[in-house]
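S.K.: Sharing run-v4.cif below, mmCIF, C-alpha atoms and all ligand atoms:
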data_coords
loop_
_atom_site.label_atom_id
_atom_site.label_comp_id
_atom_site.auth_asym_id
_atom_site.auth_seq_id
_atom_site.Cartn_x
_atom_site.Cartn_y
_atom_site.Cartn_z
CA MET A 509 24.37 -3.46 -38.50
CA SER A 510 25.66 -3.21 -34.99
CA GLY A 511 25.73 -0.06 -32.89
CA PRO A 512 28.39 1.01 -30.41
CA THR A 513 29.06 -1.50 -27.64
CA VAL A 514 27.40 -0.49 -24.40
CA PRO A 515 29.50 -1.38 -21.35
CA GLN A 516 27.72 -3.94 -19.23
CA ASP A 517 27.83 -4.82 -15.58
CA ARG A 518 27.96 -8.38 -14.21
CA ASP A 519 24.25 -8.96 -14.80
CA GLY A 520 24.49 -7.97 -18.44
CA ARG A 521 22.64 -4.68 -17.83
CA PRO A 522 24.08 -1.50 -19.38
CA SER A 523 26.48 -0.10 -16.79
CA ARG A 524 24.98 3.37 -17.11
CA GLU A 525 22.21 1.92 -14.94
CA LEU A 526 24.61 1.97 -12.05
CA HIS A 527 26.18 5.39 -12.63
CA ARG A 528 23.03 7.23 -11.72
CA TYR A 529 23.22 5.65 -8.26
CA ASP A 530 26.78 6.76 -7.50
CA ARG A 531 25.85 8.72 -4.35
CA GLN A 532 23.93 5.76 -3.00
CA MET A 533 26.62 3.20 -3.76
CA LEU A 534 29.12 5.27 -1.72
CA LEU A 535 27.14 4.52 1.43
CA PRO A 536 28.75 2.07 3.87
CA GLY A 537 27.75 -1.50 3.11
CA PHE A 538 25.73 -0.55 0.03
CA GLY A 539 28.20 -0.51 -2.86
CA ALA A 540 27.67 -1.85 -6.36
CA ASP A 541 26.64 -5.24 -4.97
CA GLY A 542 23.86 -3.69 -2.91
CA GLN A 543 22.73 -1.69 -5.92
CA ARG A 544 22.63 -4.77 -8.15
CA ARG A 545 20.65 -6.59 -5.52
CA LEU A 546 18.18 -3.70 -5.43
CA LEU A 547 17.89 -3.70 -9.21
CA ARG A 548 16.77 -7.34 -8.99
CA SER A 549 14.23 -6.68 -6.20
CA THR A 550 10.45 -6.30 -6.14
CA ALA A 551 8.48 -4.21 -3.65
CA LEU A 552 4.72 -4.34 -3.30
CA ILE A 553 3.28 -0.93 -2.40
CA LEU A 554 0.04 -1.59 -0.53
CA GLY A 555 -2.00 1.56 -1.16
CA CYS A 556 -0.77 4.57 -3.10
CA GLY A 557 -1.81 7.47 -0.87
CA ALA A 558 0.17 9.67 1.52
CA LEU A 559 2.60 6.90 2.51
CA GLY A 560 2.57 4.89 -0.72
CA THR A 561 3.38 7.77 -3.06
CA VAL A 562 6.40 8.85 -1.01
CA ALA A 563 7.62 5.26 -0.71
CA ALA A 564 7.14 4.49 -4.42
CA ASP A 565 8.86 7.73 -5.42
CA LEU A 566 11.94 7.09 -3.26
CA LEU A 567 12.23 3.39 -4.13
CA ALA A 568 12.02 4.24 -7.84
CA ARG A 569 14.72 6.88 -7.47
CA ALA A 570 16.85 4.45 -5.45
CA GLY A 571 16.74 1.98 -8.34
CA ILE A 572 14.44 -0.83 -7.31
CA GLY A 573 13.89 -3.29 -10.15
CA HIS A 574 10.13 -3.76 -9.95
CA LEU A 575 7.40 -1.87 -8.15
CA VAL A 576 3.96 -3.40 -7.85
CA ILE A 577 1.53 -0.66 -6.85
CA ILE A 578 -1.97 -1.59 -5.78
CA ASP A 579 -4.62 1.02 -5.01
CA ARG A 580 -8.40 1.01 -5.31
CA ASP A 581 -8.89 4.77 -5.50
CA PHE A 582 -8.61 7.64 -7.98
CA VAL A 583 -6.83 11.00 -7.70
CA GLU A 584 -8.70 13.99 -6.25
CA LEU A 585 -7.57 17.57 -5.66
CA GLY A 586 -7.64 17.04 -1.89
CA ASN A 587 -4.93 14.35 -2.22
CA LEU A 588 -2.30 16.72 -3.56
CA GLN A 589 -1.57 18.25 -0.13
CA ARG A 590 0.43 15.11 0.76
CA GLN A 591 0.41 12.55 -2.09
CA VAL A 592 3.61 13.53 -3.87
CA LEU A 593 3.36 11.57 -7.12
CA PHE A 594 0.16 13.30 -8.30
CA ASP A 595 -0.64 16.67 -9.86
CA GLU A 596 -3.68 18.77 -10.81
CA ARG A 597 -4.02 17.14 -14.22
CA ASP A 598 -4.27 13.66 -12.63
CA ALA A 599 -7.05 15.00 -10.40
CA ALA A 600 -8.88 16.66 -13.29
CA GLU A 601 -8.77 13.36 -15.21
CA ALA A 602 -9.74 11.38 -12.09
CA LEU A 603 -7.02 8.88 -12.93
CA PRO A 604 -6.70 5.75 -10.83
CA LYS A 605 -3.87 6.39 -8.36
CA ALA A 606 -1.88 3.31 -9.38
CA GLU A 607 -1.97 4.36 -13.05
CA ALA A 608 -1.08 7.99 -12.26
CA ALA A 609 1.85 6.79 -10.14
CA LYS A 610 3.06 4.52 -12.93
CA ARG A 611 3.06 7.41 -15.41
CA LYS A 612 4.94 9.71 -13.06
CA ILE A 613 7.55 7.09 -12.16
CA ALA A 614 8.22 6.49 -15.87
CA CYS A 615 9.40 10.13 -16.01
CA ILE A 616 11.51 9.79 -12.84
CA ASN A 617 13.28 6.49 -13.54
CA SER A 618 12.31 4.75 -16.76
CA GLN A 619 14.46 1.75 -15.81
CA VAL A 620 12.03 0.74 -13.08
CA ARG A 621 9.34 -1.71 -14.08
CA VAL A 622 5.99 -0.67 -12.60
CA SER A 623 2.91 -2.88 -12.38
CA ALA A 624 -0.15 -0.72 -11.65
CA ILE A 625 -3.06 -2.62 -10.13
CA VAL A 626 -6.38 -0.82 -9.73
CA ASP A 627 -8.07 -3.07 -7.24
CA ASP A 628 -8.98 -3.54 -3.63
CA LEU A 629 -6.59 -5.88 -1.83
CA ASN A 630 -8.40 -8.83 -0.29
CA HIS A 631 -7.86 -12.46 0.65
CA THR A 632 -8.77 -13.70 -2.83
CA ASN A 633 -6.16 -11.67 -4.70
CA ILE A 634 -3.23 -11.00 -2.35
CA ALA A 635 -1.38 -14.17 -3.35
CA GLU A 636 -1.49 -13.13 -7.00
CA TYR A 637 -0.39 -9.54 -6.41
CA ALA A 638 2.25 -10.30 -3.80
CA ALA A 639 3.82 -13.21 -5.72
CA GLY A 640 7.55 -12.58 -6.03
CA ALA A 641 7.58 -9.54 -3.71
CA ASP A 642 10.71 -9.19 -1.57
CA VAL A 643 9.05 -6.68 0.75
CA LEU A 644 5.53 -5.41 1.46
CA VAL A 645 5.37 -1.66 2.07
CA ASP A 646 2.31 -0.55 4.03
CA GLY A 647 0.45 2.47 2.67
CA LEU A 648 -2.91 1.21 3.93
CA ASP A 649 -5.63 3.06 5.81
CA ASN A 650 -7.34 0.28 7.76
CA PHE A 651 -6.58 -2.50 10.23
CA GLU A 652 -8.36 -5.24 8.34
CA THR A 653 -6.11 -5.05 5.30
CA ARG A 654 -3.05 -4.74 7.52
CA TYR A 655 -3.99 -8.00 9.23
CA LEU A 656 -4.36 -9.55 5.78
CA ALA A 657 -0.93 -8.29 4.69
CA ASN A 658 0.57 -9.49 7.98
CA ASP A 659 -0.99 -12.97 7.55
CA PHE A 660 0.55 -13.18 4.07
CA ALA A 661 3.92 -11.91 5.29
CA VAL A 662 4.14 -14.45 8.10
CA LYS A 663 2.83 -17.40 6.08
CA HIS A 664 5.13 -16.76 3.12
CA ALA A 665 8.15 -15.31 4.99
CA VAL A 666 8.10 -11.90 3.33
CA PRO A 667 9.19 -8.82 5.32
CA TYR A 668 6.37 -6.32 5.95
CA VAL A 669 7.11 -2.68 6.76
CA TYR A 670 4.18 -1.24 8.67
CA GLY A 671 3.45 2.48 8.51
CA ALA A 672 0.54 4.69 9.60
CA ALA A 673 0.06 8.43 9.89
CA VAL A 674 -2.88 10.51 11.05
CA GLY A 675 -3.09 14.05 12.41
CA THR A 676 0.47 15.21 13.09
CA ALA A 677 1.78 11.81 14.19
CA GLY A 678 2.79 8.49 12.74
CA MET A 679 4.23 5.06 13.49
CA SER A 680 6.43 2.69 11.62
CA TYR A 681 7.84 -0.75 12.29
CA ALA A 682 9.65 -3.27 10.12
CA ILE A 683 8.49 -6.86 10.56
CA LEU A 684 10.87 -9.72 9.80
CA PRO A 685 8.52 -12.65 10.40
CA HIS A 686 9.26 -15.73 12.49
CA THR A 687 8.82 -18.62 10.09
CA ARG A 688 7.77 -22.22 10.78
CA ASN A 689 11.11 -23.72 9.82
CA GLY A 690 13.32 -20.82 10.92
CA HIS A 691 15.18 -20.77 7.62
CA ALA A 692 14.46 -17.21 6.45
CA PRO A 693 17.64 -15.22 5.70
CA TRP A 694 17.04 -12.94 8.70
CA GLU A 695 16.73 -15.97 10.99
CA THR A 696 19.99 -17.61 9.97
CA ALA A 697 22.37 -14.63 10.24
CA THR A 698 25.72 -15.33 11.89
CA THR A 699 24.85 -12.70 14.50
CA GLY A 700 21.68 -14.64 15.47
CA SER A 701 18.06 -14.42 14.37
CA ARG A 702 16.74 -10.94 13.65
CA ALA A 703 13.11 -12.09 13.46
CA THR A 704 10.63 -9.70 15.08
CA PRO A 705 7.13 -9.85 16.55
CA CYS A 706 4.47 -9.51 13.84
CA PHE A 707 1.77 -6.84 13.46
CA ARG A 708 -0.79 -9.06 15.20
CA CYS A 709 1.58 -9.61 18.14
CA LEU A 710 1.46 -5.84 18.65
CA PHE A 711 -2.20 -5.19 17.83
CA GLU A 712 -4.17 -8.37 18.48
CA GLN A 713 -7.54 -6.67 17.94
CA ALA A 714 -8.51 -3.72 15.75
CA PRO A 715 -9.94 -0.77 17.69
CA PRO A 716 -13.77 -0.60 17.55
CA PRO A 717 -15.15 1.53 14.68
CA GLY A 718 -15.21 5.23 15.45
CA GLU A 719 -12.80 4.91 18.37
CA SER A 720 -9.53 5.70 16.62
CA PRO A 721 -8.81 8.99 14.86
CA THR A 722 -8.90 9.01 11.07
CA CYS A 723 -7.76 11.47 8.40
CA ASP A 724 -11.47 12.34 8.19
CA THR A 725 -11.84 13.38 11.80
CA VAL A 726 -8.48 14.93 12.64
CA GLY A 727 -6.80 15.61 9.28
CA VAL A 728 -3.24 14.69 8.37
CA LEU A 729 -0.03 16.69 8.12
CA GLY A 730 1.86 15.96 4.90
CA ALA A 731 5.18 16.16 6.72
CA ALA A 732 4.03 13.48 9.20
CA SER A 733 3.06 10.95 6.52
CA ALA A 734 6.23 11.78 4.55
CA ILE A 735 8.57 11.20 7.50
CA ILE A 736 6.94 7.83 8.23
CA ALA A 737 7.21 6.79 4.57
CA ASN A 738 10.87 7.84 4.53
CA PHE A 739 11.50 5.60 7.50
CA GLN A 740 9.69 2.74 5.73
CA VAL A 741 11.89 3.21 2.67
CA ALA A 742 15.09 3.17 4.73
CA GLU A 743 14.02 -0.09 6.37
CA SER A 744 13.00 -1.53 3.00
CA LEU A 745 16.39 -0.68 1.49
CA LYS A 746 18.15 -2.45 4.37
CA ILE A 747 15.94 -5.50 3.81
CA LEU A 748 16.32 -5.54 0.02
CA THR A 749 20.11 -5.25 0.21
CA GLY A 750 20.28 -8.00 2.84
CA HIS A 751 21.35 -5.81 5.76
CA PHE A 752 18.98 -7.44 8.23
CA ASP A 753 21.25 -6.62 11.15
CA ARG A 754 20.63 -2.94 10.42
CA VAL A 755 16.83 -3.17 10.50
CA SER A 756 15.44 -1.27 13.47
CA PRO A 757 14.11 -3.67 16.14
CA THR A 758 11.92 -0.93 17.65
CA MET A 759 8.65 0.71 16.70
CA LEU A 760 9.08 4.35 15.79
CA ASN A 761 6.48 6.81 17.05
CA ILE A 762 6.73 10.46 15.99
CA ASP A 763 4.55 13.50 16.62
CA LEU A 764 5.79 16.50 14.69
CA TRP A 765 3.49 18.98 16.44
CA SER A 766 4.41 18.05 20.02
CA ASN A 767 8.04 17.38 19.03
CA THR A 768 8.15 13.87 20.43
CA MET A 769 9.93 10.89 19.00
CA THR A 770 9.97 7.55 20.78
CA GLN A 771 11.27 4.14 19.88
CA LEU A 772 9.19 1.47 21.57
CA LYS A 773 10.95 -1.76 22.51
CA VAL A 774 8.73 -4.57 21.28
CA SER A 775 11.08 -7.57 21.10
CA GLN A 776 9.51 -9.30 24.16
CA VAL A 777 5.90 -8.94 22.97
CA ARG A 778 5.81 -12.21 21.01
CA GLU A 779 7.25 -14.36 23.81
CA HIS A 780 4.72 -13.09 26.32
CA GLY A 781 1.69 -13.37 24.04
CA ASP A 782 -0.17 -16.06 22.13
CA CYS A 783 -0.27 -14.50 18.68
CA PRO A 784 -2.90 -16.22 16.48
CA CYS A 785 -0.83 -15.42 13.42
CA CYS A 786 2.89 -16.00 13.99
CA LYS A 787 2.60 -18.43 16.94
CA ARG A 788 -0.56 -20.44 16.23
CA HIS A 789 -0.37 -20.06 12.42
CA ASP A 790 -4.09 -19.35 12.20
CA PHE A 791 -4.25 -17.04 9.18
CA GLU A 792 -7.88 -16.05 9.57
CA PHE A 793 -7.70 -12.92 7.39
CA LEU A 794 -5.81 -14.69 4.62
CA ASP A 795 -8.22 -17.61 4.79
CA GLY A 796 -11.22 -15.27 4.47
CA LYS A 797 -12.61 -16.23 7.88
CA ALA A 798 -12.41 -12.60 8.98
CA GLY A 799 -13.10 -9.46 6.99
CA SER A 800 -15.96 -7.64 5.33
CA SER A 801 -17.01 -6.41 1.93
CA ALA A 802 -18.03 -2.86 2.87
CA ALA A 803 -15.67 -0.32 4.40
CA ALA A 804 -15.81 3.39 5.19
CA LEU A 805 -12.91 5.18 3.45
CA CYS A 806 -10.37 7.16 5.46
CA GLY A 807 -10.42 10.89 4.71
CA ARG A 808 -13.72 10.96 2.84
CA ASP A 809 -17.41 10.78 3.55
CA ALA A 810 -17.57 7.60 1.51
CA VAL A 811 -18.02 3.84 1.64
CA GLN A 812 -16.44 1.23 -0.59
CA LEU A 813 -18.49 -1.79 -1.54
CA ARG A 814 -17.22 -5.01 -2.93
CA HIS A 815 -19.45 -7.80 -4.08
CA ARG A 816 -17.57 -11.04 -3.63
CA GLN A 817 -20.06 -13.00 -5.66
CA HIS A 818 -19.64 -10.74 -8.71
CA GLN A 819 -18.24 -12.45 -11.79
CA GLY A 820 -16.88 -10.84 -14.96
CA GLU A 821 -16.75 -7.16 -15.96
CA LEU A 822 -19.58 -4.66 -15.82
CA ASN A 823 -20.75 -2.93 -18.97
CA LEU A 824 -19.94 0.62 -17.87
CA ASP A 825 -21.35 2.25 -21.02
CA GLU A 826 -24.72 0.63 -20.52
CA ILE A 827 -24.83 1.62 -16.88
CA ALA A 828 -23.72 5.18 -17.75
CA GLN A 829 -26.64 5.48 -20.13
CA ARG A 830 -29.05 4.27 -17.49
CA LEU A 831 -27.70 6.56 -14.79
CA SER A 832 -27.65 9.65 -17.02
CA ARG A 833 -31.37 10.00 -16.26
CA PHE A 834 -30.55 10.84 -12.65
CA GLY A 835 -27.71 13.35 -13.09
CA ALA A 836 -24.29 14.03 -14.64
CA VAL A 837 -22.30 10.90 -15.59
CA VAL A 838 -18.69 10.65 -16.76
CA SER A 839 -16.92 7.48 -17.86
CA ASN A 840 -13.21 7.18 -18.75
CA GLY A 841 -12.76 3.50 -19.49
CA PHE A 842 -11.43 2.71 -16.03
CA MET A 843 -14.48 3.83 -14.12
CA LEU A 844 -17.77 5.61 -14.20
CA ARG A 845 -18.83 8.44 -11.95
CA ALA A 846 -22.42 9.51 -11.52
CA GLU A 847 -24.07 12.22 -9.47
CA ILE A 848 -27.25 10.91 -7.96
CA ARG A 849 -29.90 12.59 -5.82
CA ASP A 850 -31.65 9.93 -3.80
CA ASN A 851 -34.63 11.05 -1.70
CA GLY A 852 -33.30 14.60 -1.97
CA LYS A 853 -29.82 13.63 -0.71
CA PRO A 854 -26.86 14.00 -3.10
CA TYR A 855 -24.45 11.10 -3.64
CA GLU A 856 -21.56 10.53 -5.96
CA LEU A 857 -21.32 6.96 -7.17
CA THR A 858 -18.05 5.70 -8.62
CA LEU A 859 -18.20 2.34 -10.28
CA PHE A 860 -15.31 0.20 -11.51
CA ALA A 861 -15.59 -2.46 -14.16
CA ASP A 862 -14.94 -5.26 -11.67
CA GLY A 863 -18.13 -4.35 -9.79
CA ARG A 864 -16.43 -2.45 -6.99
CA ALA A 865 -18.12 0.81 -6.04
CA ILE A 866 -17.41 3.89 -3.95
CA VAL A 867 -20.45 5.70 -2.67
CA LYS A 868 -19.65 9.25 -1.58
CA GLY A 869 -22.09 11.19 0.56
CA THR A 870 -22.34 8.71 3.43
CA GLY A 871 -20.06 6.98 5.91
CA GLU A 872 -22.68 4.29 6.59
CA PRO A 873 -22.11 0.98 4.80
CA SER A 874 -25.81 0.07 4.92
CA GLU A 875 -26.84 3.39 3.36
CA ALA A 876 -24.19 2.99 0.67
CA ARG A 877 -25.41 -0.55 -0.04
CA GLY A 878 -28.88 0.85 -0.50
CA VAL A 879 -27.75 3.45 -3.05
CA TYR A 880 -25.79 0.77 -4.92
CA ALA A 881 -28.71 -1.61 -4.93
CA ARG A 882 -31.11 1.09 -6.08
CA TYR A 883 -29.06 2.47 -8.95
CA VAL A 884 -26.69 -0.32 -9.99
CA GLY A 885 -28.40 -3.45 -8.74
CA SER A 886 -26.68 -6.36 -7.08
ZN ZN B 1 2.65 -12.46 15.79
#
How would this structure read if it were set down as structure tokens?
Ligand SMILES: [Zn+2]
M.R.:
Amino acid sequence: MSGPTVPQDRDGRPSRELHRYDRQMLLPGFGADGQRRLLRSTALILGCGALGTVAADLLARAGIGHLVIIDRDFVELGNLQRQVLFDERDAAEALPKAEAAKRKIACINSQVRVSAIVDDLNHTNIAEYAAGADVLVDGLDNFETRYLANDFAVKHAVPYVYGAAVGTAGMSYAILPHTRNGHAPWETATTGSRATPCFRCLFEQAPPPGESPTCDTVGVLGAASAIIANFQVAESLKILTGHFDRVSPTMLNIDLWSNTMTQLKVSQVREHGDCPCCKRHDFEFLDGKAGSSAAALCGRDAVQLRHRQHQGELNLDEIAQRLSRFGAVVSNGFMLRAEIRDNGKPYELTLFADGRAIVKGTGEPSEARGVYARYVGS
């Protein structure tokens, strides 16, 4: 038996896929061709917090073909002030953010394929997760992982759209990497190369710990992170539809509380510097020569630990049983959370099956390592 014939577009997809994007296809230079191109595209969302949720939401609504969302964290009530894809039920269930985002996007645009990855991005897994990505969208909260993403972007000629927001301000900048052979589509445009300085050209060194403001110390305005993520999405849409000549060559800097908006000219930065990444091709973060396995988490009194030597999956049920002697323990299949009082001090230990842990109750990596070693063992 055959059903009614569904009209198809050039790619053999049902044409109703395009009708929902009518308002977008009317935009100059976008059209049905731009929409089809978007439907075939993949974006990697690096971190699904204040920036990542807004970016994933808008890209899904715009009709991207495939979203890969990677995030190491789970939803908490305090996230809902700015992280638009989550709700109170997600927080009550302590769902991993990537999974919660996938569920919500399925209700928004079921035609978008979403790959939810609950993991910490590092030099051993970025090649796997970023394989096939047409753009990397930055929703990260630390310099180290940004350097890693930038190394990957430059080495593999993938555009990387940087974004950061803290307090009432934020920055964004779209990177179209200079490649070794100069053959990337943005380098061979008839109007001349549109390649830009990379993230490392602009920030050669990370600021020393404790010297830059974090969500923890100064808070974050939801409108500030949202406006930065909106800018990132606009740049990503230009990239994914091949409009490289439209990509902003400047770095946007906005403060919504002091009403300032500046566009920094950065095009000369690469020529005048000696960038280890895009000039010397020394990818030290990607090669694992730089980086650490313990990091304080932005916005929380917590430290994440990762044990590089760990192999295989942890038996969470067994550990839950052991830890139940010390306090309340919940386990939901994705992770285990235990309340622990160590030497009179309360901690909350969250443990994932891959051995990764978040120790809440301290911002000190060494103290967190101690709690992990005492109650989980390493
Ligand atoms: Zn560079």
S.K.: Distance limit 10 Å, reference ligand ZN 1 (chain B), atoms considered: all atoms listed in the file. Which residues make the cut? Give them as a ChimeraX atom specification.
M.R.: /A:658-659,662,683,685-686,704-712,777-779,781-789
S.K.: Atoms to include: C-alpha atoms. Write the selected residues as a CSV table (one decimal), in the coordinates of the input.
M.R.:
chain,number,residue,atom,x,y,z
A,658,ASN,CA,0.6,-9.5,8.0
A,659,ASP,CA,-1.0,-13.0,7.6
A,662,VAL,CA,4.1,-14.4,8.1
A,683,ILE,CA,8.5,-6.9,10.6
A,685,PRO,CA,8.5,-12.6,10.4
A,686,HIS,CA,9.3,-15.7,12.5
A,704,THR,CA,10.6,-9.7,15.1
A,705,PRO,CA,7.1,-9.8,16.6
A,706,CYS,CA,4.5,-9.5,13.8
A,707,PHE,CA,1.8,-6.8,13.5
A,708,ARG,CA,-0.8,-9.1,15.2
A,709,CYS,CA,1.6,-9.6,18.1
A,710,LEU,CA,1.5,-5.8,18.6
A,711,PHE,CA,-2.2,-5.2,17.8
A,712,GLU,CA,-4.2,-8.4,18.5
A,777,VAL,CA,5.9,-8.9,23.0
A,778,ARG,CA,5.8,-12.2,21.0
A,779,GLU,CA,7.2,-14.4,23.8
A,781,GLY,CA,1.7,-13.4,24.0
A,782,ASP,CA,-0.2,-16.1,22.1
A,783,CYS,CA,-0.3,-14.5,18.7
A,784,PRO,CA,-2.9,-16.2,16.5
A,785,CYS,CA,-0.8,-15.4,13.4
A,786,CYS,CA,2.9,-16.0,14.0
A,787,LYS,CA,2.6,-18.4,16.9
A,788,ARG,CA,-0.6,-20.4,16.2
A,789,HIS,CA,-0.4,-20.1,12.4
S.K.: Step by step: start from the point (-21.2, 8.3, -15.4) in the file's coordinates, keep every protein, DNA or RNA residue that has an atom no farther than 10 Å from it, count only C-alpha atoms, and write the set as a PyMOL selection string.
M.R.: chain A and resi 824-832+835-840+843-848+856-859
S.K.: By how many Å are CA of Lys853 (chain A) and CA of Val583 (chain A) apart?
M.R.: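 Answer for the CA of Lys853 (chain A) to CA of Val583 (chain A) separation: 24.2 Å.
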S.K.: Give the answer as one residue: which of A:Ser549, A:Thr758, A:Gln591, A:Asn823 has the shortest atom-to-atom distance to Leu644 (chain A), using only C-alpha atoms?
M.R.: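 Using only C-alpha atoms, Leu644 (chain A) sits closest to A:Ser549.
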S.K.: For Lys605 (chain A), find every residue with an atom within 12 Å (counting only C-alpha atoms), except residues of its own chain fewer than 6 positions away, and show them as an MDAnalysis selection string.
M.R.: chainID A and resid 553:558 560:561 564 577:584 587:588 591:595 598:599 611:612 624:627 842
S.K.: Pick the closest to Gln812 (chain A) from A:Thr870, A:Thr699, A:Asn633, A:Ser618: which is it, counting all atoms listed in the file?
M.R.: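 Going through A:Thr870, A:Thr699, A:Asn633, A:Ser618 one by one, the smallest distance to Gln812 (chain A) is for A:Thr870.
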S.K.: Which is closer to Asp763 (chain A) than all the others in A:Leu552, A:Met533, A:Leu648, A:Val728, using all atoms listed in the file?
M.R.: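 Going through A:Leu552, A:Met533, A:Leu648, A:Val728 one by one, the smallest distance to Asp763 (chain A) is for A:Val728.
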S.K.: Counting only C-alpha atoms, which residue out of A:Arg548, A:His574, A:Arg882, A:Arg590 sits closest to Ala734 (chain A)?
M.R.: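 Selected residue with least distance to Ala734 (chain A): A:Arg590.
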S.K.: So, counting only C-alpha atoms, which residue among A:Asp862, A:Glu607, A:Asp850, A:Glu792 is closest to Gly878 (chain A)?
M.R.: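 Closest candidate: A:Asp850.
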S.K.: Rank A:Asn689, A:Ser766, A:Asn738, A:Ser623 by their smallest atom-to-atom distance to Val669 (chain A), using only C-alpha atoms, and report the top residue only.
M.R.: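 Between A:Asn689, A:Ser766, A:Asn738, A:Ser623, the residue approaching Val669 (chain A) most closely is A:Asn738.
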S.K.: Have a look at CA of Ala742 (chain A) and CA of Ala677 (chain A) and let me know their distance in Å, one decimal.
M.R.: 18.5 Å
